[in-house]
Amino acid sequence: MKLTVLGYYGGYPAKGIGTSSFLLTATNGYQLLIDCGSGALMALERILDPLKLNAVILSHYHADHIADIGVLQHYWQLAPGNKAQPMLPIYGSPLDEPHFNQLDWPNATEKHPYQVEKKLKIGPFTISFFQTNHPVATSAMRFKEDDSDKEFVYTADTTVCADLPEFIQGAEVLLADTNFYADKTGQRWHLTAPEAGELAKMAKVPNLWLTHLPQTGLLTTLVTQAQQAAGQKVNVQRVHQGQIIKI
Ligand SMILES: [Zn+2]
Ligand SMILES: [Zn+2]
């Protein structure tokens with residue numbers, strides 16, 4: 001499978017690049033959109049007709065992860081072309097009912113709930129969930145491609161969680177929220193670069209990709225700080241726009 005980066009900033013877009021969104025393409029061609037932040041639809045249009053999406057899954061309902069859901073729904077309702085199926089399924093947490101209900105849109109999309117404690121089958125993927133530490137119900141997600149047995153974990157938004165390394169163990173790739181540099185102080189709801197590196201080290205993953213990046217500072221510093229904490233056995237990189245990560 002491969003993961004294409006459609007946006008990677010935390011909070012708000014910057015410098016022509018949007019917020020969290022990733023396209024997961026299975027070996028058999030199944031197209032799953034993971035989060036749909038600001039700028040996601042335009043980034044997606046460059047590589048795939050959005051009508052060819054097979055499903056969407058959302059980690060939580062903060063704007064930097066769902067900002068383009070509305071325009072994606074308009075696209076599926078109004079744009080000419082052949083749809084992959086009549087209605088696009090959007091998977092989300094039912095715990096926030098008002099947001100969950102908005103995933104239904106006439107002649108376009110339909111809402112589907114996931115439960116954190118249950119595994120979910122979407123096309124060729126089996127997905128498991130982990131409730132992270134964030135101000136709203138948020139799920140880290142573990143994606144297993146059934147055909148290849150390859151796995152990757154997306155932390156979504158989180159601070160340090162005691163059980164998160166165990167949830168990640170055995171995956172080939174970790175895509176981790178790294179919104180802050182090492183010197184961040186005070187209240188925060190995201191990982192710092194050293195915390196992301198430490199998480200990869202504890203989970204024993206070979207590849208750490210930093211995402212949900214800050215708009216300020218030198219991102220190479222973020223990578224250096226995460227690499228220092230992760231140690232030699234982890235290859236640390238930051239994501240770039242349009243980048244394809246093979247898993
Ligand atoms: Zn976020
Ligand atoms: Zn958030």
# chains A, B, ... in the order shown; residues from 1 in each chain; ligands from 1
$ residues_near_ligand --ligand "ligand 1" --cutoff "7 Å" --atoms "only C-alpha atoms and all ligand atoms" --output "JSON list (two decimals) with C-alpha atoms, in the first residue's frame"
[["chain", "number", "residue", "atom", "x", "y", "z"],
["A", 10, "GLY", "CA", -1.42, 21.41, 12.37],
["A", 11, "GLY", "CA", -4.18, 23.93, 13.12],
["A", 20, "SER", "CA", -3.99, 16.94, 7.91],
["A", 62, "HIS", "CA", -11.34, 19.46, 14.81],
["A", 64, "ASP", "CA", -7.86, 21.08, 10.73],
["A", 65, "HIS", "CA", -8.98, 17.46, 10.10],
["A", 157, "ASP", "CA", -3.72, 14.32, 17.58],
["A", 212, "HIS", "CA", 0.85, 17.87, 11.97]]
$ select_by_dssp --residues "segment 31-245 of chain A" --states "alpha helix (DSSP H)" --output "PyMOL selection string"
chain A and resi 40-45+63-66+69-78+97-101+164-168+193-203+219-230
$ residues_near_ligand --ligand "ligand 2" --cutoff "12 Å" --atoms "only C-alpha atoms and all ligand atoms" --output "mmCIF file with all heavy atoms, in the first residue's frame"
data_model
loop_
_atom_site.group_PDB
_atom_site.id
_atom_site.type_symbol
_atom_site.label_atom_id
_atom_site.label_comp_id
_atom_site.auth_asym_id
_atom_site.auth_seq_id
_atom_site.Cartn_x
_atom_site.Cartn_y
_atom_site.Cartn_z
ATOM 1 N N TYR A 9 0.024 20.462 7.826
ATOM 2 C CA TYR A 9 0.163 21.421 8.935
ATOM 3 C C TYR A 9 -0.857 21.135 10.031
ATOM 4 O O TYR A 9 -1.939 20.617 9.781
ATOM 5 C CB TYR A 9 -0.012 22.857 8.439
ATOM 6 C CG TYR A 9 1.250 23.412 7.798
ATOM 7 C CD1 TYR A 9 1.249 23.840 6.483
ATOM 8 C CD2 TYR A 9 2.431 23.495 8.532
ATOM 9 C CE1 TYR A 9 2.412 24.337 5.896
ATOM 10 C CE2 TYR A 9 3.592 23.992 7.958
ATOM 11 C CZ TYR A 9 3.573 24.418 6.643
ATOM 12 O OH TYR A 9 4.716 24.909 6.067
ATOM 13 N N GLY A 10 -0.490 21.474 11.255
ATOM 14 C CA GLY A 10 -1.425 21.409 12.369
ATOM 15 C C GLY A 10 -2.157 22.737 12.487
ATOM 16 O O GLY A 10 -1.561 23.791 12.270
ATOM 17 N N GLY A 11 -3.421 22.714 12.786
ATOM 18 C CA GLY A 11 -4.180 23.929 13.116
ATOM 19 C C GLY A 11 -4.711 24.718 11.943
ATOM 20 O O GLY A 11 -5.910 24.958 11.834
ATOM 21 N N TYR A 12 -3.826 25.161 11.042
ATOM 22 C CA TYR A 12 -4.255 25.999 9.914
ATOM 23 C C TYR A 12 -3.258 25.861 8.767
ATOM 24 O O TYR A 12 -2.101 25.519 8.979
ATOM 25 C CB TYR A 12 -4.393 27.465 10.350
ATOM 26 C CG TYR A 12 -3.122 28.056 10.930
ATOM 27 C CD1 TYR A 12 -2.219 28.750 10.125
ATOM 28 C CD2 TYR A 12 -2.807 27.903 12.278
ATOM 29 C CE1 TYR A 12 -1.045 29.281 10.655
ATOM 30 C CE2 TYR A 12 -1.651 28.423 12.812
ATOM 31 C CZ TYR A 12 -0.775 29.115 11.993
ATOM 32 O OH TYR A 12 0.383 29.635 12.515
ATOM 33 N N THR A 19 -3.858 21.389 5.838
ATOM 34 C CA THR A 19 -3.765 20.668 7.111
ATOM 35 C C THR A 19 -4.051 19.181 6.882
ATOM 36 O O THR A 19 -4.329 18.760 5.761
ATOM 37 C CB THR A 19 -4.740 21.266 8.139
ATOM 38 O OG1 THR A 19 -6.077 21.152 7.646
ATOM 39 C CG2 THR A 19 -4.428 22.747 8.380
ATOM 40 N N SER A 20 -4.023 18.408 7.960
ATOM 41 C CA SER A 20 -3.986 16.944 7.912
ATOM 42 C C SER A 20 -4.931 16.281 6.911
ATOM 43 O O SER A 20 -6.154 16.386 7.018
ATOM 44 C CB SER A 20 -4.308 16.380 9.296
ATOM 45 O OG SER A 20 -3.304 16.755 10.200
ATOM 46 N N ASP A 35 -8.635 11.571 7.127
ATOM 47 C CA ASP A 35 -8.808 12.974 7.490
ATOM 48 C C ASP A 35 -8.932 13.837 6.218
ATOM 49 O O ASP A 35 -8.536 13.422 5.119
ATOM 50 C CB ASP A 35 -7.704 13.488 8.422
ATOM 51 C CG ASP A 35 -7.931 13.023 9.872
ATOM 52 O OD1 ASP A 35 -9.033 12.536 10.171
ATOM 53 O OD2 ASP A 35 -7.003 13.153 10.690
ATOM 54 N N GLY A 37 -8.555 17.691 5.921
ATOM 55 C CA GLY A 37 -8.317 19.042 6.416
ATOM 56 C C GLY A 37 -8.426 20.115 5.344
ATOM 57 O O GLY A 37 -8.778 19.843 4.192
ATOM 58 N N LEU A 58 -12.301 9.575 9.563
ATOM 59 C CA LEU A 58 -11.908 10.787 10.282
ATOM 60 C C LEU A 58 -11.456 10.436 11.696
ATOM 61 O O LEU A 58 -12.138 9.698 12.414
ATOM 62 C CB LEU A 58 -13.100 11.755 10.351
ATOM 63 C CG LEU A 58 -13.672 12.157 8.986
ATOM 64 C CD1 LEU A 58 -14.953 12.964 9.172
ATOM 65 C CD2 LEU A 58 -12.650 12.956 8.176
ATOM 66 N N SER A 59 -10.307 11.006 12.098
ATOM 67 C CA SER A 59 -9.771 10.730 13.435
ATOM 68 C C SER A 59 -10.544 11.486 14.508
ATOM 69 O O SER A 59 -10.711 11.000 15.620
ATOM 70 C CB SER A 59 -8.289 11.111 13.498
ATOM 71 O OG SER A 59 -8.121 12.496 13.263
ATOM 72 N N HIS A 60 -10.974 12.693 14.193
ATOM 73 C CA HIS A 60 -11.773 13.522 15.103
ATOM 74 C C HIS A 60 -12.298 14.717 14.323
ATOM 75 O O HIS A 60 -12.026 14.847 13.136
ATOM 76 C CB HIS A 60 -10.975 13.931 16.343
ATOM 77 C CG HIS A 60 -9.790 14.840 16.104
ATOM 78 N ND1 HIS A 60 -8.776 14.540 15.229
ATOM 79 C CD2 HIS A 60 -9.460 16.036 16.661
ATOM 80 C CE1 HIS A 60 -7.862 15.511 15.266
ATOM 81 N NE2 HIS A 60 -8.269 16.427 16.121
ATOM 82 N N TYR A 61 -13.078 15.556 15.009
ATOM 83 C CA TYR A 61 -13.806 16.603 14.282
ATOM 84 C C TYR A 61 -13.221 18.005 14.472
ATOM 85 O O TYR A 61 -13.927 18.986 14.306
ATOM 86 C CB TYR A 61 -15.285 16.578 14.683
ATOM 87 C CG TYR A 61 -15.961 15.254 14.387
ATOM 88 C CD1 TYR A 61 -16.430 14.453 15.420
ATOM 89 C CD2 TYR A 61 -16.133 14.803 13.085
ATOM 90 C CE1 TYR A 61 -17.054 13.234 15.166
ATOM 91 C CE2 TYR A 61 -16.746 13.587 12.813
ATOM 92 C CZ TYR A 61 -17.205 12.809 13.858
ATOM 93 O OH TYR A 61 -17.813 11.601 13.592
ATOM 94 N N HIS A 62 -11.963 18.136 14.819
ATOM 95 C CA HIS A 62 -11.344 19.461 14.812
ATOM 96 C C HIS A 62 -11.204 19.933 13.362
ATOM 97 O O HIS A 62 -10.965 19.135 12.456
ATOM 98 C CB HIS A 62 -9.963 19.428 15.484
ATOM 99 C CG HIS A 62 -10.027 19.593 16.974
ATOM 100 N ND1 HIS A 62 -9.037 19.151 17.821
ATOM 101 C CD2 HIS A 62 -10.975 20.178 17.765
ATOM 102 C CE1 HIS A 62 -9.364 19.461 19.078
ATOM 103 N NE2 HIS A 62 -10.533 20.074 19.065
ATOM 104 N N ALA A 63 -11.331 21.261 13.187
ATOM 105 C CA ALA A 63 -11.414 21.836 11.840
ATOM 106 C C ALA A 63 -10.216 21.481 10.962
ATOM 107 O O ALA A 63 -10.367 21.313 9.743
ATOM 108 C CB ALA A 63 -11.571 23.348 11.932
ATOM 109 N N ASP A 64 -9.036 21.367 11.559
ATOM 110 C CA ASP A 64 -7.859 21.075 10.726
ATOM 111 C C ASP A 64 -7.845 19.628 10.217
ATOM 112 O O ASP A 64 -6.966 19.255 9.443
ATOM 113 C CB ASP A 64 -6.539 21.420 11.449
ATOM 114 C CG ASP A 64 -6.403 20.783 12.816
ATOM 115 O OD1 ASP A 64 -7.423 20.554 13.478
ATOM 116 O OD2 ASP A 64 -5.256 20.503 13.225
ATOM 117 N N HIS A 65 -8.877 18.848 10.592
ATOM 118 C CA HIS A 65 -8.983 17.463 10.098
ATOM 119 C C HIS A 65 -10.260 17.237 9.274
ATOM 120 O O HIS A 65 -10.389 16.205 8.627
ATOM 121 C CB HIS A 65 -8.929 16.472 11.265
ATOM 122 C CG HIS A 65 -7.635 16.555 12.012
ATOM 123 N ND1 HIS A 65 -6.645 15.606 11.914
ATOM 124 C CD2 HIS A 65 -7.139 17.540 12.816
ATOM 125 C CE1 HIS A 65 -5.611 15.974 12.648
ATOM 126 N NE2 HIS A 65 -5.882 17.149 13.207
ATOM 127 N N ILE A 66 -11.186 18.211 9.322
ATOM 128 C CA ILE A 66 -12.468 18.030 8.601
ATOM 129 C C ILE A 66 -12.884 19.227 7.758
ATOM 130 O O ILE A 66 -13.972 19.233 7.187
ATOM 131 C CB ILE A 66 -13.626 17.716 9.580
ATOM 132 C CG1 ILE A 66 -13.815 18.859 10.591
ATOM 133 C CG2 ILE A 66 -13.404 16.383 10.295
ATOM 134 C CD1 ILE A 66 -15.166 18.843 11.268
ATOM 135 N N ALA A 67 -12.030 20.246 7.659
ATOM 136 C CA ALA A 67 -12.435 21.497 7.012
ATOM 137 C C ALA A 67 -12.974 21.292 5.604
ATOM 138 O O ALA A 67 -13.870 22.023 5.157
ATOM 139 C CB ALA A 67 -11.259 22.473 6.980
ATOM 140 N N THR A 132 -6.974 8.635 22.039
ATOM 141 C CA THR A 132 -5.806 9.428 22.425
ATOM 142 C C THR A 132 -6.167 10.451 23.501
ATOM 143 O O THR A 132 -7.340 10.589 23.873
ATOM 144 C CB THR A 132 -5.196 10.170 21.209
ATOM 145 O OG1 THR A 132 -6.073 11.237 20.830
ATOM 146 C CG2 THR A 132 -4.955 9.222 20.047
ATOM 147 N N ASN A 133 -5.163 11.176 23.943
ATOM 148 C CA ASN A 133 -5.377 12.232 24.923
ATOM 149 C C ASN A 133 -5.442 13.572 24.189
ATOM 150 O O ASN A 133 -4.417 14.110 23.766
ATOM 151 C CB ASN A 133 -4.222 12.214 25.937
ATOM 152 C CG ASN A 133 -4.465 13.151 27.086
ATOM 153 O OD1 ASN A 133 -5.599 13.551 27.347
ATOM 154 N ND2 ASN A 133 -3.404 13.526 27.764
ATOM 155 N N HIS A 134 -6.653 14.086 24.010
ATOM 156 C CA HIS A 134 -6.903 15.290 23.216
ATOM 157 C C HIS A 134 -8.222 15.880 23.746
ATOM 158 O O HIS A 134 -9.000 15.141 24.326
ATOM 159 C CB HIS A 134 -6.997 14.874 21.727
ATOM 160 C CG HIS A 134 -6.718 15.972 20.756
ATOM 161 N ND1 HIS A 134 -5.575 16.730 20.786
ATOM 162 C CD2 HIS A 134 -7.434 16.449 19.705
ATOM 163 C CE1 HIS A 134 -5.601 17.616 19.807
ATOM 164 N NE2 HIS A 134 -6.729 17.474 19.136
ATOM 165 N N PRO A 135 -8.481 17.176 23.553
ATOM 166 C CA PRO A 135 -9.681 17.758 24.195
ATOM 167 C C PRO A 135 -11.013 17.193 23.701
ATOM 168 O O PRO A 135 -12.020 17.338 24.379
ATOM 169 C CB PRO A 135 -9.585 19.247 23.853
ATOM 170 C CG PRO A 135 -8.217 19.476 23.386
ATOM 171 C CD PRO A 135 -7.655 18.186 22.902
ATOM 172 N N VAL A 136 -11.033 16.586 22.514
ATOM 173 C CA VAL A 136 -12.262 15.958 22.015
ATOM 174 C C VAL A 136 -11.954 14.494 21.700
ATOM 175 O O VAL A 136 -10.784 14.118 21.578
ATOM 176 C CB VAL A 136 -12.798 16.667 20.739
ATOM 177 C CG1 VAL A 136 -13.149 18.118 21.035
ATOM 178 C CG2 VAL A 136 -11.784 16.578 19.600
ATOM 179 N N ALA A 137 -12.990 13.666 21.578
ATOM 180 C CA ALA A 137 -12.797 12.243 21.271
ATOM 181 C C ALA A 137 -11.974 12.110 19.992
ATOM 182 O O ALA A 137 -12.382 12.569 18.927
ATOM 183 C CB ALA A 137 -14.144 11.559 21.100
ATOM 184 N N THR A 138 -10.802 11.500 20.112
ATOM 185 C CA THR A 138 -9.869 11.383 18.984
ATOM 186 C C THR A 138 -9.295 9.974 18.960
ATOM 187 O O THR A 138 -8.962 9.425 20.004
ATOM 188 C CB THR A 138 -8.709 12.399 19.136
ATOM 189 O OG1 THR A 138 -9.271 13.714 19.251
ATOM 190 C CG2 THR A 138 -7.756 12.355 17.958
ATOM 191 N N SER A 139 -9.176 9.416 17.762
ATOM 192 C CA SER A 139 -8.678 8.054 17.638
ATOM 193 C C SER A 139 -7.395 7.990 16.839
ATOM 194 O O SER A 139 -7.347 8.442 15.695
ATOM 195 C CB SER A 139 -9.714 7.179 16.927
ATOM 196 O OG SER A 139 -10.857 7.071 17.732
ATOM 197 N N ALA A 140 -6.357 7.406 17.461
ATOM 198 C CA ALA A 140 -5.230 6.928 16.669
ATOM 199 C C ALA A 140 -5.737 5.701 15.922
ATOM 200 O O ALA A 140 -6.655 5.013 16.396
ATOM 201 C CB ALA A 140 -4.067 6.558 17.569
ATOM 202 N N THR A 155 -1.073 8.492 14.502
ATOM 203 C CA THR A 155 -1.436 8.839 15.892
ATOM 204 C C THR A 155 -2.625 9.784 15.956
ATOM 205 O O THR A 155 -3.216 9.927 17.028
ATOM 206 C CB THR A 155 -0.276 9.543 16.633
ATOM 207 O OG1 THR A 155 -0.022 10.798 16.005
ATOM 208 C CG2 THR A 155 0.975 8.678 16.655
ATOM 209 N N ALA A 156 -2.965 10.451 14.843
ATOM 210 C CA ALA A 156 -3.886 11.588 14.887
ATOM 211 C C ALA A 156 -3.337 12.600 15.899
ATOM 212 O O ALA A 156 -2.122 12.709 16.020
ATOM 213 C CB ALA A 156 -5.301 11.142 15.209
ATOM 214 N N ASP A 157 -4.199 13.295 16.649
ATOM 215 C CA ASP A 157 -3.723 14.325 17.577
ATOM 216 C C ASP A 157 -3.680 13.746 18.985
ATOM 217 O O ASP A 157 -4.653 13.167 19.451
ATOM 218 C CB ASP A 157 -4.669 15.527 17.550
ATOM 219 C CG ASP A 157 -4.578 16.310 16.249
ATOM 220 O OD1 ASP A 157 -3.882 15.844 15.335
ATOM 221 O OD2 ASP A 157 -5.198 17.388 16.162
ATOM 222 N N THR A 158 -2.571 13.955 19.656
ATOM 223 C CA THR A 158 -2.441 13.373 20.998
ATOM 224 C C THR A 158 -1.290 13.990 21.776
ATOM 225 O O THR A 158 -0.358 14.534 21.183
ATOM 226 C CB THR A 158 -2.221 11.842 20.901
ATOM 227 O OG1 THR A 158 -2.317 11.267 22.209
ATOM 228 C CG2 THR A 158 -0.878 11.472 20.293
ATOM 229 N N THR A 159 -1.385 13.879 23.089
ATOM 230 C CA THR A 159 -0.209 14.078 23.934
ATOM 231 C C THR A 159 0.308 12.683 24.289
ATOM 232 O O THR A 159 -0.187 11.697 23.756
ATOM 233 C CB THR A 159 -0.576 14.853 25.222
ATOM 234 O OG1 THR A 159 -1.661 14.195 25.849
ATOM 235 C CG2 THR A 159 -0.965 16.284 24.912
ATOM 236 N N ASP A 177 1.849 12.836 15.109
ATOM 237 C CA ASP A 177 1.617 14.242 15.453
ATOM 238 C C ASP A 177 2.883 14.803 16.091
ATOM 239 O O ASP A 177 3.326 14.331 17.139
ATOM 240 C CB ASP A 177 0.443 14.269 16.443
ATOM 241 C CG ASP A 177 0.211 15.628 17.103
ATOM 242 O OD1 ASP A 177 1.005 16.546 16.879
ATOM 243 O OD2 ASP A 177 -0.775 15.747 17.843
ATOM 244 N N ASN A 179 3.692 18.499 16.629
ATOM 245 C CA ASN A 179 3.319 19.894 16.432
ATOM 246 C C ASN A 179 4.266 20.893 17.087
ATOM 247 O O ASN A 179 4.197 22.087 16.817
ATOM 248 C CB ASN A 179 1.885 20.106 16.941
ATOM 249 C CG ASN A 179 1.163 21.244 16.277
ATOM 250 O OD1 ASN A 179 0.194 21.780 16.794
ATOM 251 N ND2 ASN A 179 1.634 21.660 15.099
ATOM 252 N N ARG A 188 -0.540 21.909 26.371
ATOM 253 C CA ARG A 188 -0.509 21.513 24.959
ATOM 254 C C ARG A 188 -1.274 20.217 24.763
ATOM 255 O O ARG A 188 -1.426 19.432 25.697
ATOM 256 C CB ARG A 188 0.934 21.373 24.473
ATOM 257 C CG ARG A 188 1.743 20.381 25.251
ATOM 258 C CD ARG A 188 3.212 20.454 24.872
ATOM 259 N NE ARG A 188 3.995 19.654 25.768
ATOM 260 C CZ ARG A 188 4.079 18.333 25.720
ATOM 261 N NH1 ARG A 188 3.424 17.675 24.779
ATOM 262 N NH2 ARG A 188 4.791 17.678 26.591
ATOM 263 N N TRP A 189 -1.726 20.018 23.519
ATOM 264 C CA TRP A 189 -2.526 18.834 23.181
ATOM 265 C C TRP A 189 -1.887 18.043 22.049
ATOM 266 O O TRP A 189 -2.559 17.313 21.320
ATOM 267 C CB TRP A 189 -3.948 19.251 22.802
ATOM 268 C CG TRP A 189 -4.685 19.817 23.980
ATOM 269 C CD1 TRP A 189 -5.025 21.122 24.185
ATOM 270 C CD2 TRP A 189 -5.159 19.099 25.129
ATOM 271 N NE1 TRP A 189 -5.681 21.260 25.382
ATOM 272 C CE2 TRP A 189 -5.779 20.029 25.974
ATOM 273 C CE3 TRP A 189 -5.113 17.759 25.512
ATOM 274 C CZ2 TRP A 189 -6.352 19.664 27.200
ATOM 275 C CZ3 TRP A 189 -5.689 17.398 26.725
ATOM 276 C CH2 TRP A 189 -6.299 18.351 27.549
ATOM 277 N N HIS A 190 -0.582 18.227 21.873
ATOM 278 C CA HIS A 190 0.144 17.526 20.799
ATOM 279 C C HIS A 190 1.511 17.102 21.332
ATOM 280 O O HIS A 190 1.971 17.607 22.349
ATOM 281 C CB HIS A 190 0.334 18.447 19.587
ATOM 282 C CG HIS A 190 -0.956 18.940 19.040
ATOM 283 N ND1 HIS A 190 -1.740 18.195 18.194
ATOM 284 C CD2 HIS A 190 -1.633 20.096 19.240
ATOM 285 C CE1 HIS A 190 -2.835 18.868 17.898
ATOM 286 N NE2 HIS A 190 -2.793 20.028 18.523
ATOM 287 N N LEU A 191 2.175 16.239 20.566
ATOM 288 C CA LEU A 191 3.510 15.791 20.945
ATOM 289 C C LEU A 191 4.561 16.819 20.541
ATOM 290 O O LEU A 191 4.404 17.529 19.540
ATOM 291 C CB LEU A 191 3.836 14.469 20.244
ATOM 292 C CG LEU A 191 2.923 13.268 20.554
ATOM 293 C CD1 LEU A 191 3.306 12.088 19.662
ATOM 294 C CD2 LEU A 191 3.012 12.886 22.024
ATOM 295 N N HIS A 212 1.521 16.875 11.116
ATOM 296 C CA HIS A 212 0.848 17.867 11.969
ATOM 297 C C HIS A 212 1.899 18.895 12.416
ATOM 298 O O HIS A 212 2.047 19.193 13.599
ATOM 299 C CB HIS A 212 0.181 17.180 13.176
ATOM 300 C CG HIS A 212 -1.020 17.906 13.693
ATOM 301 N ND1 HIS A 212 -0.926 18.989 14.525
ATOM 302 C CD2 HIS A 212 -2.348 17.723 13.486
ATOM 303 C CE1 HIS A 212 -2.139 19.434 14.826
ATOM 304 N NE2 HIS A 212 -3.027 18.680 14.191
#
$ closest_residue --among "A:Ile244, A:Leu103, A:Leu32, A:Ile17" --to "Pro124 of chain A" --atoms "only C-alpha atoms"
A:Leu32
$ select_by_dssp --residues "segment 37-232 of chain A" --states "strand (DSSP E)" --output "ChimeraX atom specification"
/A:55-57,88-92,109-113,120-122,125-131,139-145,151-154,173-177,207-211
$ residues_around --residues "Phe130 of chain A" --least-positions-apart "4" --cutoff "8 Å" --atoms "only C-alpha atoms" --output "NGL selection string"
:A and (116-117 or 139-141 or 164 or 167)
$ write_last_selection --atoms "N, CA, C and O atoms" --output "CSV table (one decimal), in the first residue's frame"
chain,number,residue,atom,x,y,z
A,116,VAL,N,-14.2,2.6,19.2
A,116,VAL,CA,-12.8,2.5,19.5
A,116,VAL,C,-12.4,1.1,19.9
A,116,VAL,O,-11.3,0.6,19.6
A,117,GLU,N,-13.3,0.4,20.6
A,117,GLU,CA,-12.9,-0.9,21.1
A,117,GLU,C,-13.1,-2.1,20.1
A,117,GLU,O,-12.7,-3.2,20.3
A,139,SER,N,-9.2,9.4,17.8
A,139,SER,CA,-8.7,8.1,17.6
A,139,SER,C,-7.4,8.0,16.8
A,139,SER,O,-7.3,8.4,15.7
A,140,ALA,N,-6.4,7.4,17.5
A,140,ALA,CA,-5.2,6.9,16.7
A,140,ALA,C,-5.7,5.7,15.9
A,140,ALA,O,-6.7,5.0,16.4
A,141,MET,N,-5.2,5.4,14.7
A,141,MET,CA,-5.7,4.3,13.9
A,141,MET,C,-4.5,3.5,13.4
A,141,MET,O,-3.5,4.0,13.0
A,164,LEU,N,0.0,4.0,24.3
A,164,LEU,CA,0.1,4.2,22.9
A,164,LEU,C,1.3,3.4,22.3
A,164,LEU,O,1.1,2.8,21.2
A,167,PHE,N,0.1,-0.1,21.4
A,167,PHE,CA,-0.8,0.0,20.2
A,167,PHE,C,0.0,0.0,18.9
A,167,PHE,O,-0.5,-0.5,17.9
$ residues_around --residues "segment 41-46 of chain A" --least-positions-apart "4" --cutoff "8 Å" --atoms "only C-alpha atoms" --output "VMD selection string"
chain A and resid 6 to 7 23 36 50 68 71 to 72 242
$ closest_residue --among "A:Ile57, A:Val236, A:Val205, A:Ala196" --to "Pro113 of chain A" --atoms "only C-alpha atoms"
A:Ile57
$ atom_distance --atom1 "atom CA of Cys161 of chain A" --atom2 "atom CA of Gly18 of chain A"
26.8 Å
$ decode --residues "segment 14-27 of chain A" --atoms "N, CA, C and O atoms" --output "PDB file, in the first residue's frame"
ATOM      1  N   ALA A  14      -0.736  26.892   5.587  1.00  0.00           N
ATOM      2  CA  ALA A  14       0.298  27.916   5.447  1.00  0.00           C
ATOM      3  C   ALA A  14       1.082  27.670   4.169  1.00  0.00           C
ATOM      4  O   ALA A  14       1.233  26.527   3.745  1.00  0.00           O
ATOM      5  N   LYS A  15       1.554  28.738   3.553  1.00  0.00           N
ATOM      6  CA  LYS A  15       2.470  28.660   2.403  1.00  0.00           C
ATOM      7  C   LYS A  15       1.914  27.738   1.311  1.00  0.00           C
ATOM      8  O   LYS A  15       2.665  26.972   0.679  1.00  0.00           O
ATOM      9  N   GLY A  16       0.603  27.775   1.095  1.00  0.00           N
ATOM     10  CA  GLY A  16      -0.006  26.980   0.034  1.00  0.00           C
ATOM     11  C   GLY A  16      -0.183  25.513   0.374  1.00  0.00           C
ATOM     12  O   GLY A  16      -0.587  24.720  -0.472  1.00  0.00           O
ATOM     13  N   ILE A  17       0.097  25.134   1.597  1.00  0.00           N
ATOM     14  CA  ILE A  17      -0.033  23.732   2.013  1.00  0.00           C
ATOM     15  C   ILE A  17      -1.084  23.625   3.117  1.00  0.00           C
ATOM     16  O   ILE A  17      -1.143  24.451   4.037  1.00  0.00           O
ATOM     17  N   GLY A  18      -1.917  22.603   2.978  1.00  0.00           N
ATOM     18  CA  GLY A  18      -3.064  22.463   3.865  1.00  0.00           C
ATOM     19  C   GLY A  18      -2.769  21.702   5.142  1.00  0.00           C
ATOM     20  O   GLY A  18      -1.621  21.384   5.472  1.00  0.00           O
ATOM     21  N   THR A  19      -3.858  21.389   5.838  1.00  0.00           N
ATOM     22  CA  THR A  19      -3.765  20.668   7.111  1.00  0.00           C
ATOM     23  C   THR A  19      -4.051  19.181   6.882  1.00  0.00           C
ATOM     24  O   THR A  19      -4.329  18.760   5.761  1.00  0.00           O
ATOM     25  N   SER A  20      -4.023  18.408   7.960  1.00  0.00           N
ATOM     26  CA  SER A  20      -3.986  16.944   7.912  1.00  0.00           C
ATOM     27  C   SER A  20      -4.931  16.281   6.911  1.00  0.00           C
ATOM     28  O   SER A  20      -6.154  16.386   7.018  1.00  0.00           O
ATOM     29  N   SER A  21      -4.347  15.570   5.974  1.00  0.00           N
ATOM     30  CA  SER A  21      -5.107  14.708   5.069  1.00  0.00           C
ATOM     31  C   SER A  21      -4.132  13.790   4.333  1.00  0.00           C
ATOM     32  O   SER A  21      -3.062  14.232   3.903  1.00  0.00           O
ATOM     33  N   PHE A  22      -4.542  12.528   4.190  1.00  0.00           N
ATOM     34  CA  PHE A  22      -3.686  11.507   3.566  1.00  0.00           C
ATOM     35  C   PHE A  22      -4.548  10.573   2.742  1.00  0.00           C
ATOM     36  O   PHE A  22      -5.654  10.216   3.153  1.00  0.00           O
ATOM     37  N   LEU A  23      -4.029  10.180   1.602  1.00  0.00           N
ATOM     38  CA  LEU A  23      -4.739   9.206   0.766  1.00  0.00           C
ATOM     39  C   LEU A  23      -4.013   7.871   0.895  1.00  0.00           C
ATOM     40  O   LEU A  23      -2.833   7.761   0.559  1.00  0.00           O
ATOM     41  N   LEU A  24      -4.738   6.873   1.378  1.00  0.00           N
ATOM     42  CA  LEU A  24      -4.164   5.528   1.509  1.00  0.00           C
ATOM     43  C   LEU A  24      -4.662   4.682   0.339  1.00  0.00           C
ATOM     44  O   LEU A  24      -5.864   4.467   0.192  1.00  0.00           O
ATOM     45  N   THR A  25      -3.730   4.242  -0.490  1.00  0.00           N
ATOM     46  CA  THR A  25      -4.070   3.448  -1.671  1.00  0.00           C
ATOM     47  C   THR A  25      -3.611   2.013  -1.456  1.00  0.00           C
ATOM     48  O   THR A  25      -2.421   1.766  -1.224  1.00  0.00           O
ATOM     49  N   ALA A  26      -4.547   1.088  -1.535  1.00  0.00           N
ATOM     50  CA  ALA A  26      -4.212  -0.323  -1.330  1.00  0.00           C
ATOM     51  C   ALA A  26      -3.552  -0.891  -2.575  1.00  0.00           C
ATOM     52  O   ALA A  26      -3.643  -0.315  -3.667  1.00  0.00           O
ATOM     53  N   THR A  27      -2.913  -2.029  -2.415  1.00  0.00           N
ATOM     54  CA  THR A  27      -2.288  -2.723  -3.536  1.00  0.00           C
ATOM     55  C   THR A  27      -3.317  -3.017  -4.632  1.00  0.00           C
ATOM     56  O   THR A  27      -3.004  -2.969  -5.819  1.00  0.00           O
TER      57      THR A  27
END
